[in-house]
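Source file: coords_8.txt. Holds: compact mmCIF, C-alpha atoms.
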# COMPACT_ATOMS: atom_id res chain seq x y z
CA MET A 16 0.00 0.00 0.00
CA SER A 17 1.44 3.38 -0.90
CA VAL A 18 1.90 6.15 1.63
CA ALA A 19 -0.56 8.22 -0.37
CA LEU A 20 -3.25 5.55 -0.04
CA LEU A 21 -2.65 5.23 3.69
CA ALA A 22 -2.83 8.98 4.10
CA ALA A 23 -6.05 9.17 2.12
CA CYS A 24 -7.77 6.63 4.37
CA SER A 25 -6.27 7.82 7.67
CA ALA A 26 -8.02 9.56 10.53
CA ASP A 27 -5.19 11.80 11.67
CA THR A 28 -1.95 13.29 10.34
CA THR A 29 0.57 15.32 12.32
CA ASP A 30 4.11 16.51 11.82
CA GLN A 31 6.65 15.85 14.54
CA GLY A 32 10.31 16.79 14.77
CA SER A 33 12.98 15.19 16.89
CA SER A 34 13.13 16.38 20.48
CA ALA A 35 16.90 16.36 20.68
CA GLU A 36 19.96 17.20 18.65
CA PRO A 37 22.25 14.19 18.18
CA SER A 38 24.08 13.42 21.41
CA GLU A 39 27.33 11.55 21.59
CA SER A 40 27.89 8.17 23.15
CA SER A 41 29.73 8.08 26.44
CA ALA A 42 30.52 4.48 25.54
CA THR A 43 32.49 5.53 22.46
CA ALA A 44 33.74 8.83 23.90
CA SER A 45 33.28 10.57 20.56
CA GLN A 46 33.99 13.90 22.22
CA SER A 47 35.64 14.28 25.60
CA SER A 48 35.70 18.08 25.51
CA SER A 49 34.06 20.96 23.69
CA ASP A 50 36.96 21.34 21.26
CA ALA A 51 37.35 17.64 20.42
CA ALA A 52 36.83 16.62 16.83
CA PRO A 53 33.45 14.99 16.12
CA SER A 54 33.35 11.32 15.28
CA PRO A 55 33.47 10.89 11.49
CA ALA A 56 30.62 8.37 11.79
CA ALA A 57 28.32 10.78 13.64
CA PRO A 58 25.34 12.23 11.69
CA ALA A 59 25.93 15.67 10.26
CA GLY A 60 22.75 17.20 11.69
CA PRO A 61 19.52 16.62 13.59
CA LEU A 62 16.87 14.07 12.72
CA PRO A 63 14.48 15.00 9.93
CA ASN A 64 11.02 16.10 10.99
CA LEU A 65 8.61 13.17 11.13
CA SER A 66 5.20 12.87 9.50
CA VAL A 67 2.81 10.58 11.40
CA THR A 68 -0.33 9.12 9.85
CA THR A 69 -2.97 6.88 11.43
CA VAL A 70 -3.36 3.53 9.65
CA LEU A 71 -5.58 1.58 12.09
CA ASP A 72 -7.27 2.70 15.29
CA GLY A 73 -9.68 1.53 17.96
CA LEU A 74 -7.31 -1.28 18.97
CA ASP A 75 -6.39 -2.87 22.32
CA LYS A 76 -2.63 -3.37 22.75
CA PRO A 77 -1.64 -4.34 19.20
CA TRP A 78 1.59 -6.29 19.80
CA ASP A 79 2.99 -6.59 16.28
CA VAL A 80 2.20 -5.52 12.72
CA VAL A 81 3.17 -6.80 9.27
CA VAL A 82 2.49 -5.65 5.71
CA ALA A 83 1.78 -7.93 2.74
CA LEU A 84 2.82 -7.15 -0.83
CA ASP A 85 -0.79 -6.32 -1.77
CA GLY A 86 -0.75 -3.54 0.85
CA THR A 87 -2.79 -5.35 3.50
CA VAL A 88 -1.72 -4.34 7.01
CA LEU A 89 -2.19 -7.06 9.66
CA THR A 90 -1.95 -6.61 13.41
CA GLY A 91 -2.91 -8.72 16.41
CA GLU A 92 -4.19 -7.65 19.82
CA ARG A 93 -2.47 -9.34 22.75
CA SER A 94 -5.81 -10.43 24.21
CA GLY A 95 -6.52 -12.41 21.04
CA ARG A 96 -7.84 -10.76 17.87
CA PHE A 97 -6.45 -10.25 14.36
CA VAL A 98 -7.32 -6.98 12.61
CA ILE A 99 -6.42 -5.86 9.09
CA ARG A 100 -6.64 -2.80 6.90
CA ASP A 101 -7.14 -4.27 3.47
CA SER A 102 -5.81 -2.92 0.20
CA ALA A 103 -9.02 -0.91 -0.24
CA GLY A 104 -8.40 0.87 3.06
CA VAL A 105 -11.14 -0.94 5.00
CA GLN A 106 -10.40 -1.92 8.60
CA ARG A 107 -11.94 -5.24 9.63
CA GLU A 108 -11.44 -8.27 11.84
CA LEU A 109 -9.83 -11.43 10.47
CA ASN A 110 -11.39 -14.72 11.55
CA ALA A 111 -9.08 -17.15 13.36
CA ASP A 112 -9.47 -19.88 15.95
CA LEU A 113 -7.60 -18.71 19.06
CA GLY A 114 -9.53 -20.95 21.44
CA ASP A 115 -6.37 -22.24 23.12
CA LEU A 116 -4.77 -18.82 23.57
CA TYR A 117 -3.19 -18.20 26.97
CA ALA A 118 -3.47 -14.46 27.55
CA ALA A 119 -2.33 -13.24 30.96
CA GLY A 120 -0.09 -10.38 32.04
CA GLU A 121 2.56 -9.79 29.39
CA THR A 122 1.68 -12.95 27.44
CA GLY A 123 -0.95 -13.52 24.75
CA LEU A 124 -0.96 -13.09 20.99
CA MET A 125 2.47 -11.55 20.46
CA GLY A 126 4.91 -11.70 17.52
CA ILE A 127 3.69 -11.99 13.91
CA ALA A 128 5.81 -12.59 10.81
CA LEU A 129 5.13 -13.25 7.15
CA ALA A 130 6.98 -16.17 5.60
CA THR A 131 9.62 -15.04 3.14
CA ASP A 132 7.68 -16.93 0.42
CA PHE A 133 4.34 -15.48 1.56
CA ALA A 134 3.28 -14.49 -1.96
CA ALA A 135 3.24 -18.17 -2.90
CA SER A 136 2.60 -19.94 0.41
CA ARG A 137 0.25 -17.45 2.13
CA THR A 138 1.98 -18.53 5.38
CA ILE A 139 2.00 -16.40 8.53
CA TYR A 140 3.79 -17.21 11.80
CA THR A 141 2.69 -16.20 15.28
CA CYS A 142 4.24 -16.47 18.72
CA GLN A 143 1.60 -16.82 21.42
CA GLY A 144 0.68 -18.18 24.80
CA VAL A 145 -0.96 -21.61 24.62
CA ARG A 146 -3.20 -23.36 27.14
CA GLY A 147 -2.51 -27.08 27.25
CA ASP A 148 -3.61 -30.19 29.12
CA ASP A 149 -0.16 -30.43 30.69
CA GLY A 150 0.10 -26.74 31.53
CA ASN A 151 0.63 -23.51 29.68
CA HIS A 152 3.51 -22.69 27.37
CA ILE A 153 4.46 -20.37 24.52
CA GLY A 154 4.37 -21.71 21.00
CA VAL A 155 5.24 -20.62 17.49
CA MET A 156 2.40 -21.44 15.10
CA SER A 157 2.02 -21.43 11.34
CA TRP A 158 -1.16 -20.26 9.60
CA THR A 159 -2.35 -19.69 6.06
CA VAL A 160 -4.63 -16.89 4.95
CA ASP A 161 -6.94 -16.94 1.95
CA PRO A 162 -6.37 -14.46 -0.94
CA GLN A 163 -9.42 -12.43 0.12
CA TRP A 164 -8.07 -11.97 3.66
CA THR A 165 -11.14 -13.33 5.39
CA ALA A 166 -9.70 -16.03 7.68
CA LEU A 167 -6.53 -17.51 9.10
CA THR A 168 -6.29 -21.30 9.26
CA ARG A 169 -3.75 -22.88 11.61
CA THR A 170 -1.52 -25.36 9.79
CA GLY A 171 1.05 -26.42 12.36
CA THR A 172 3.20 -25.81 15.42
CA LEU A 173 6.92 -25.16 14.92
CA VAL A 174 7.95 -24.73 18.55
CA ASP A 175 5.85 -25.86 21.51
CA ASP A 176 8.22 -25.81 24.47
CA ILE A 177 8.98 -22.19 25.25
CA PRO A 178 8.22 -21.74 28.96
CA VAL A 179 5.74 -19.24 30.33
CA ALA A 180 5.32 -17.98 33.88
CA ASP A 181 2.13 -18.16 35.88
CA GLY A 182 0.67 -14.73 35.29
CA GLY A 183 2.49 -14.33 31.97
CA ARG A 184 5.47 -12.25 33.10
CA HIS A 185 8.41 -11.99 30.65
CA GLY A 186 6.84 -13.96 27.82
CA GLY A 187 8.86 -12.40 24.97
CA CYS A 188 8.14 -13.06 22.10
CA ARG A 189 9.30 -11.63 18.74
CA ILE A 190 9.68 -13.47 15.41
CA LEU A 191 12.15 -12.35 12.74
CA ALA A 192 11.69 -14.00 9.34
CA HIS A 193 15.17 -14.00 7.84
CA PRO A 194 15.59 -13.66 4.05
CA ASP A 195 17.17 -17.14 4.01
CA GLY A 196 13.81 -18.60 5.09
CA THR A 197 14.74 -19.39 8.68
CA LEU A 198 13.18 -17.85 11.79
CA TYR A 199 14.77 -16.11 14.76
CA ILE A 200 12.63 -16.06 17.91
CA GLY A 201 13.20 -13.87 20.96
CA THR A 202 11.95 -15.27 24.27
CA GLY A 203 11.52 -14.10 27.86
CA ASP A 204 13.03 -15.62 30.97
CA THR A 205 9.69 -16.17 32.81
CA ALA A 206 11.16 -14.18 35.74
CA SER A 207 12.94 -17.35 36.87
CA PRO A 208 16.46 -17.11 38.35
CA THR A 209 18.18 -19.93 36.44
CA VAL A 210 16.38 -19.79 33.09
CA PRO A 211 18.54 -17.22 31.19
CA GLN A 212 21.70 -19.36 31.58
CA ASP A 213 19.99 -22.77 31.38
CA ARG A 214 20.71 -24.45 28.04
CA ASN A 215 17.90 -26.94 28.74
CA SER A 216 15.33 -24.13 28.68
CA LEU A 217 14.26 -22.03 25.69
CA GLY A 218 13.47 -19.06 27.95
CA GLY A 219 15.72 -15.98 28.02
CA LYS A 220 17.15 -16.85 24.61
CA VAL A 221 17.16 -16.00 20.94
CA LEU A 222 16.27 -19.17 19.03
CA HIS A 223 17.10 -19.95 15.40
CA VAL A 224 14.99 -22.57 13.66
CA ASN A 225 14.08 -23.81 10.22
CA THR A 226 10.47 -23.56 9.09
CA ASP A 227 9.78 -27.08 10.32
CA GLY A 228 10.93 -26.10 13.79
CA THR A 229 14.23 -27.97 13.69
CA ALA A 230 17.43 -26.30 14.86
CA ALA A 231 19.26 -24.12 12.35
CA ALA A 232 22.87 -25.10 11.67
CA ASP A 233 24.31 -22.37 13.92
CA ALA A 234 21.94 -22.99 16.85
CA PRO A 235 22.54 -26.26 18.74
CA ASP A 236 19.30 -27.32 20.45
CA ARG A 237 17.72 -24.29 18.68
CA ILE A 238 19.57 -21.82 20.96
CA PHE A 239 21.32 -19.07 18.98
CA THR A 240 22.16 -16.81 21.96
CA LEU A 241 21.49 -16.91 25.70
CA GLY A 242 21.71 -14.79 28.82
CA HIS A 243 18.76 -12.53 28.02
CA ARG A 244 16.01 -11.13 30.25
CA ASN A 245 13.06 -10.45 27.96
CA VAL A 246 13.71 -10.28 24.21
CA GLN A 247 10.90 -8.45 22.44
CA GLY A 248 12.70 -6.87 19.48
CA LEU A 249 14.73 -8.35 16.60
CA ALA A 250 15.87 -6.66 13.39
CA ILE A 251 18.40 -6.96 10.56
CA ARG A 252 20.49 -3.87 9.83
CA PRO A 253 19.91 -2.96 6.16
CA GLY A 254 22.80 -3.71 3.83
CA THR A 255 24.48 -6.01 6.35
CA ASP A 256 24.08 -9.45 7.88
CA GLN A 257 24.02 -7.95 11.39
CA ILE A 258 21.10 -9.00 13.59
CA PHE A 259 20.23 -6.87 16.62
CA GLU A 260 17.97 -7.54 19.56
CA VAL A 261 16.51 -5.19 22.15
CA GLU A 262 15.44 -6.29 25.60
CA GLN A 263 13.97 -4.67 28.64
CA GLY A 264 16.15 -4.04 31.69
CA THR A 265 15.50 -4.39 35.40
CA SER A 266 15.38 -1.03 37.16
CA ARG A 267 18.08 0.12 34.74
CA ASP A 268 19.79 -0.72 31.46
CA ASP A 269 17.44 -1.65 28.70
CA GLU A 270 19.84 -3.03 26.08
CA LEU A 271 20.51 -3.07 22.35
CA ASN A 272 22.72 -6.05 21.48
CA LEU A 273 24.47 -7.17 18.31
CA LEU A 274 23.89 -10.93 18.13
CA VAL A 275 26.79 -13.34 17.65
CA PRO A 276 26.07 -17.07 17.20
CA GLY A 277 26.58 -18.79 20.53
CA GLY A 278 26.94 -15.47 22.35
CA ASN A 279 26.10 -15.12 26.03
CA TYR A 280 24.76 -11.67 26.96
CA GLY A 281 25.35 -12.04 30.65
CA TYR A 282 22.02 -11.87 32.47
CA ARG A 283 22.22 -14.20 35.48
CA PRO A 284 19.66 -13.36 38.20
CA ASP A 285 20.44 -16.35 40.45
CA ARG A 286 22.91 -14.69 42.83
CA ARG A 287 20.64 -15.60 45.73
CA SER A 288 19.43 -19.19 45.85
CA SER A 289 15.90 -19.67 44.47
CA VAL A 290 15.38 -15.89 44.24
CA TYR A 291 14.90 -13.94 41.01
CA ASP A 292 17.47 -11.30 41.89
CA GLU A 293 16.94 -8.28 39.67
CA SER A 294 19.65 -6.29 41.44
CA VAL A 295 22.28 -8.07 39.30
CA PRO A 296 23.71 -6.27 36.24
CA MET A 297 21.97 -6.86 32.94
CA THR A 298 25.39 -7.88 31.60
CA ASP A 299 27.23 -9.54 34.49
CA ARG A 300 30.77 -9.90 33.18
CA ASP A 301 32.08 -10.99 36.57
CA ARG A 302 29.72 -13.93 37.06
CA VAL A 303 29.37 -14.78 33.35
CA PRO A 304 32.90 -15.01 31.89
CA GLY A 305 32.97 -13.88 28.27
CA ALA A 306 29.60 -12.12 28.43
CA LEU A 307 29.16 -9.78 25.47
CA PRO A 308 28.60 -6.08 26.26
CA ALA A 309 25.60 -4.16 25.00
CA VAL A 310 25.92 -1.78 22.06
CA TRP A 311 23.70 0.69 23.95
CA SER A 312 21.94 0.72 27.28
CA SER A 313 19.39 3.13 28.67
CA GLY A 314 21.10 3.68 32.02
CA ASP A 315 19.01 4.48 35.08
CA PRO A 316 16.05 4.41 34.96
CA THR A 317 14.84 2.10 32.24
CA ILE A 318 12.52 3.38 29.53
CA ALA A 319 11.04 -0.07 28.64
CA THR A 320 12.18 -0.99 25.12
CA PRO A 321 9.97 -3.51 23.27
CA ASP A 322 11.20 -3.31 19.67
CA VAL A 323 13.84 -2.14 17.22
CA THR A 324 14.00 -1.37 13.51
CA PHE A 325 16.31 0.63 11.23
CA THR A 326 15.90 3.73 9.10
CA ASP A 327 16.35 2.81 5.46
CA GLY A 328 16.35 5.40 2.72
CA GLU A 329 18.06 8.56 1.55
CA GLN A 330 15.15 10.56 3.01
CA TRP A 331 16.80 10.10 6.42
CA GLY A 332 19.89 12.00 5.33
CA SER A 333 22.87 11.39 7.61
CA TRP A 334 20.61 9.36 9.95
CA ASN A 335 20.07 6.70 7.29
CA GLY A 336 20.83 3.27 8.73
CA ALA A 337 20.23 4.30 12.35
CA ALA A 338 18.62 1.93 14.83
CA VAL A 339 15.18 3.02 16.04
CA ILE A 340 14.04 1.75 19.44
CA SER A 341 10.51 2.14 20.79
CA SER A 342 9.79 2.96 24.42
CA GLN A 343 6.75 2.23 26.53
CA GLN A 344 7.69 3.89 29.79
CA GLY A 345 9.59 6.73 28.12
CA GLU A 346 6.80 7.20 25.52
CA LYS A 347 9.24 8.03 22.74
CA LEU A 348 11.42 6.76 19.91
CA VAL A 349 15.20 6.58 20.39
CA PHE A 350 17.37 6.89 17.26
CA LEU A 351 20.93 5.53 17.47
CA ALA A 352 23.56 6.06 14.80
CA LEU A 353 25.89 3.05 14.87
CA SER A 354 29.48 2.37 13.92
CA ASP A 355 30.00 0.41 10.70
CA ASP A 356 30.75 -2.79 12.58
CA GLY A 357 27.65 -2.34 14.75
CA THR A 358 29.49 -2.64 18.06
CA GLU A 359 29.11 0.99 19.19
CA TYR A 360 26.70 3.89 18.91
CA VAL A 361 28.04 7.31 18.01
CA ALA A 362 24.97 9.52 18.35
CA GLU A 363 21.52 9.43 19.94
CA ALA A 364 18.35 11.47 19.44
CA ASP A 365 14.73 11.17 20.65
CA ALA A 366 11.47 11.79 18.79
CA LEU A 367 7.69 11.77 19.40
CA GLU A 368 8.28 12.02 23.16
CA GLY A 369 4.99 12.15 25.07
CA THR A 370 2.96 12.47 21.86
CA TYR A 371 1.27 9.08 21.44
CA GLY A 372 1.78 7.47 24.83
CA ARG A 373 3.40 4.06 25.17
CA LEU A 374 5.01 2.82 21.96
CA ARG A 375 5.63 -0.83 21.04
CA SER A 376 6.10 -2.46 17.64
CA LEU A 377 8.23 -1.19 14.74
CA THR A 378 7.99 -2.53 11.17
CA PRO A 379 9.74 -1.20 8.04
CA PHE A 380 7.28 0.03 5.43
CA GLY A 381 7.36 1.07 1.80
CA SER A 382 9.80 2.97 -0.38
CA ASP A 383 9.52 6.30 1.43
CA GLY A 384 11.81 5.27 4.28
CA GLY A 385 8.92 4.87 6.70
CA PHE A 386 7.98 2.38 9.36
CA LEU A 387 4.81 1.28 11.12
CA LEU A 388 4.53 1.92 14.84
CA THR A 389 1.96 0.53 17.29
CA THR A 390 0.83 2.21 20.50
CA ASP A 391 0.42 0.24 23.72
CA ASN A 392 -1.95 2.27 25.87
CA GLY A 393 -4.76 -0.28 26.27
CA SER A 394 -7.43 2.11 25.02
CA ASP A 395 -8.01 3.26 21.43
CA ASP A 396 -4.55 2.08 20.40
CA GLN A 397 -3.30 2.75 16.90
CA VAL A 398 -1.03 1.57 14.13
CA LEU A 399 0.83 4.65 12.91
CA LEU A 400 2.89 5.28 9.78
CA VAL A 401 6.02 7.32 10.51
CA THR A 402 7.94 8.84 7.59
CA PRO A 403 10.75 11.40 7.38
CA GLU A 404 9.88 14.74 5.85
CA VAL A 405 12.02 15.73 2.88
CA GLY A 406 13.19 19.29 2.37
Final structure tokens representation of the file:
Amino acid sequence: MSVALLAACSADTTDQGSSAEPSESSATASQSSSDAAPSPAAPAGPLPNLSVTTVLDGLDKPWDVVVALDGTVLTGERSGRFVIRDSAGVQRELNADLGDLYAAGETGLMGIALATDFAASRTIYTCQGVRGDDGNHIGVMSWTVDPQWTALTRTGTLVDDIPVADGGRHGGCRILAHPDGTLYIGTGDTASPTVPQDRNSLGGKVLHVNTDGTAAADAPDRIFTLGHRNVQGLAIRPGTDQIFEVEQGTSRDDELNLLVPGGNYGYRPDRRSSVYDESVPMTDRDRVPGALPAVWSSGDPTIATPDVTFTDGEQWGSWNGAAVISSQQGEKLVFLALSDDGTEYVAEADALEGTYGRLRSLTPFGSDGGFLLTTDNGSDDQVLLVTPEVG
């Protein structure tokens, strides 16, 4: 669907600029004094102004959003409902059997991804809480949708052993459909002290599986990385093979991490026996030898970071290729310009702060450099189209 079509059928359009000039990373020490030379990788100016257009509204905590080639926009409410805006601009519910959905606390209908061969297969993947005879868990399901976008039909279960906590705390769960056809899946640690470091549990991990649910070649027992708290965002940096994840911190240090196969990201909340000890560092390099440091962290306090995407297009000027992180608690977007190797950030700027409330999902959209953004307020939530203004 073109930006023009979305704008024509939207309910609201506003222009928003960034709320901060680019600030330099203390981690990279781009400037240590007022007369220091700027980092050559730092953007040359502020963020472009942002145009924001309403795509869907009247929603209740839309957790994820995807866009099909025919322009159909699909989202899912965490409590268990699929909603689309079809290619004609009509918003309507999509029929699906979610009778076994486990929706409690932070868990419910969560990540959604289109198969890389969606045009031919009509396959959609979801990550969701599942009620079962032997207890609740989180599963990754496959569905097909008819060409008229009237109903989803469940066709299989790829993963059925991701743990879930009573009450649904720290359920994850993001799906990244990689161009090679495999799936990366971010999971939560169920607020259990040993889970993030336990290789016998799929909680607190990033998984890598084939489309039949078997382990990808670089992920023994399906585990690609471990030592995470609650992975809710996964994205590929355009023009590279770098995969990033974002996870929510304790009372401090939400993190953006560059994923390395087999990497351990150092969360180990078992310092006190049988206690989920959230006073430990998010990356505990003393108690987890070899733990990989974060590319960026929020510091104190946390801002609650549920997703990440990247700017992609010349419309972003010198901010093209920056990571974009959504914030629930901070009610803003955080833009991070990264080093070429992805291991450091060199500038940071905020946008939309306090404008739309809590912000969750981020999905690249269209040829105008835009992305879709969902709100997470629990009342009249929206799917928004955010694009950079040119000129």
Residues near Asp233 of chain A, anyone? I mean within 9 Å using only C-alpha atoms, not counting same-chain ones fewer than 6 positions away, as a list in words.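 The residues that qualify are His223, Phe239, Pro276 and Gly277 of chain A.
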Please produce an output containing C-alpha atoms for each residue in the selection, written as a PDB file, keeping the file's coordinate frame.
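As a result, again-v9.pdb now contains:
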ATOM      1  CA  HIS A 223      17.100 -19.950  15.400  1.00  0.00           C
ATOM      2  CA  PHE A 239      21.320 -19.070  18.980  1.00  0.00           C
ATOM      3  CA  PRO A 276      26.070 -17.070  17.200  1.00  0.00           C
ATOM      4  CA  GLY A 277      26.580 -18.790  20.530  1.00  0.00           C
TER       5      GLY A 277
END
Can you pull out every residue within 6 Å of Asp322 of chain A, counting all atoms listed in the file, but drop anything in the same chain fewer than 5 positions away, and send it as a PyMOL selection string? chain A and resi 247-248+340-341+376
Residues within 7 Å of segment 291-307 of chain A, only C-alpha atoms, excluding chain neighbours under 2 positions, as a short mmCIF file (atom, residue, chain, number, x, y, z; two decimals) with C-alpha atoms, in the frame of the given file:
data_model
loop_
_atom_site.label_atom_id
_atom_site.label_comp_id
_atom_site.auth_asym_id
_atom_site.auth_seq_id
_atom_site.Cartn_x
_atom_site.Cartn_y
_atom_site.Cartn_z
CA ALA A 206 11.16 -14.18 35.74
CA SER A 207 12.94 -17.35 36.87
CA PRO A 208 16.46 -17.11 38.35
CA GLY A 264 16.15 -4.04 31.69
CA THR A 265 15.50 -4.39 35.40
CA ASP A 268 19.79 -0.72 31.46
CA GLY A 278 26.94 -15.47 22.35
CA ASN A 279 26.10 -15.12 26.03
CA TYR A 280 24.76 -11.67 26.96
CA GLY A 281 25.35 -12.04 30.65
CA TYR A 282 22.02 -11.87 32.47
CA ARG A 283 22.22 -14.20 35.48
CA PRO A 284 19.66 -13.36 38.20
CA ASP A 285 20.44 -16.35 40.45
CA ARG A 286 22.91 -14.69 42.83
CA ARG A 287 20.64 -15.60 45.73
CA SER A 289 15.90 -19.67 44.47
CA ALA A 309 25.60 -4.16 25.00
#
Which residue of A:Gly147, A:Pro77, A:Gly154, A:Gly60 approaches Asn392 of chain A most closely, using only C-alpha atoms: A:Pro77
Which is closer to Thr197 of chain A than all the others in A:Pro178, A:Gly228, A:Gly369, A:Gly73, using all atoms listed in the file?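 Once distances to Thr197 of chain A are computed over all atoms listed in the file, the minimum belongs to A:Gly228.
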Nearest to Ala59 of chain A: which of A:Asn335, A:Arg93, A:Ala180, A:Thr202 is it, counting all atoms listed in the file? A:Asn335
Tell me which protein, DNA and RNA residues are within 9 Å of Val405 of chain A, counting all atoms listed in the file, leaving out same-chain ones fewer than 6 positions away, and put them as a ChimeraX atom specification. /A:63-64,330-331
Centre, x/y/z edge lengths, axis-aligned box for segment 327-338 of chain A with 8 Å per side, as AutoDock Vina command-line options:
--center_x 19.0 --center_y 7.0 --center_z 8.2 --size_x 23.7 --size_y 26.1 --size_z 29.3
Will you model N, CA, C and O atoms for segment 343-356 of chain A and pass it back as a JSON list (two decimals), in the frame of the given file?
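Everything below was put into result_2.json:
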[["chain", "number", "residue", "atom", "x", "y", "z"],
["A", 343, "GLN", "N", 8.06, 2.17, 25.87],
["A", 343, "GLN", "CA", 6.75, 2.23, 26.53],
["A", 343, "GLN", "C", 6.78, 3.23, 27.67],
["A", 343, "GLN", "O", 6.01, 4.19, 27.69],
["A", 344, "GLN", "N", 7.64, 3.03, 28.63],
["A", 344, "GLN", "CA", 7.69, 3.89, 29.79],
["A", 344, "GLN", "C", 8.14, 5.30, 29.44],
["A", 344, "GLN", "O", 7.62, 6.28, 29.98],
["A", 345, "GLY", "N", 9.11, 5.41, 28.52],
["A", 345, "GLY", "CA", 9.59, 6.73, 28.12],
["A", 345, "GLY", "C", 8.71, 7.41, 27.10],
["A", 345, "GLY", "O", 8.88, 8.60, 26.82],
["A", 346, "GLU", "N", 7.76, 6.65, 26.49],
["A", 346, "GLU", "CA", 6.80, 7.20, 25.52],
["A", 346, "GLU", "C", 7.50, 7.99, 24.42],
["A", 346, "GLU", "O", 7.16, 9.14, 24.12],
["A", 347, "LYS", "N", 8.48, 7.33, 23.77],
["A", 347, "LYS", "CA", 9.24, 8.03, 22.74],
["A", 347, "LYS", "C", 9.93, 7.01, 21.84],
["A", 347, "LYS", "O", 9.92, 5.80, 22.10],
["A", 348, "LEU", "N", 10.52, 7.52, 20.76],
["A", 348, "LEU", "CA", 11.42, 6.76, 19.91],
["A", 348, "LEU", "C", 12.85, 7.22, 20.18],
["A", 348, "LEU", "O", 13.10, 8.42, 20.32],
["A", 349, "VAL", "N", 13.78, 6.27, 20.23],
["A", 349, "VAL", "CA", 15.20, 6.58, 20.39],
["A", 349, "VAL", "C", 15.91, 6.18, 19.10],
["A", 349, "VAL", "O", 15.82, 5.03, 18.67],
["A", 350, "PHE", "N", 16.59, 7.13, 18.47],
["A", 350, "PHE", "CA", 17.37, 6.89, 17.26],
["A", 350, "PHE", "C", 18.84, 6.81, 17.64],
["A", 350, "PHE", "O", 19.36, 7.69, 18.34],
["A", 351, "LEU", "N", 19.51, 5.75, 17.16],
["A", 351, "LEU", "CA", 20.93, 5.53, 17.47],
["A", 351, "LEU", "C", 21.71, 5.35, 16.18],
["A", 351, "LEU", "O", 21.47, 4.40, 15.44],
["A", 352, "ALA", "N", 22.63, 6.26, 15.91],
["A", 352, "ALA", "CA", 23.56, 6.06, 14.80],
["A", 352, "ALA", "C", 24.66, 5.12, 15.27],
["A", 352, "ALA", "O", 25.22, 5.30, 16.36],
["A", 353, "LEU", "N", 24.96, 4.09, 14.47],
["A", 353, "LEU", "CA", 25.89, 3.05, 14.87],
["A", 353, "LEU", "C", 27.18, 3.11, 14.07],
["A", 353, "LEU", "O", 27.20, 3.61, 12.94],
["A", 354, "SER", "N", 28.24, 2.55, 14.65],
["A", 354, "SER", "CA", 29.48, 2.37, 13.92],
["A", 354, "SER", "C", 29.27, 1.35, 12.81],
["A", 354, "SER", "O", 28.30, 0.57, 12.83],
["A", 355, "ASP", "N", 30.16, 1.33, 11.82],
["A", 355, "ASP", "CA", 30.00, 0.41, 10.70],
["A", 355, "ASP", "C", 29.94, -1.04, 11.14],
["A", 355, "ASP", "O", 29.19, -1.85, 10.59],
["A", 356, "ASP", "N", 30.74, -1.39, 12.15],
["A", 356, "ASP", "CA", 30.75, -2.79, 12.58],
["A", 356, "ASP", "C", 29.62, -3.11, 13.56],
["A", 356, "ASP", "O", 29.48, -4.26, 13.99]]
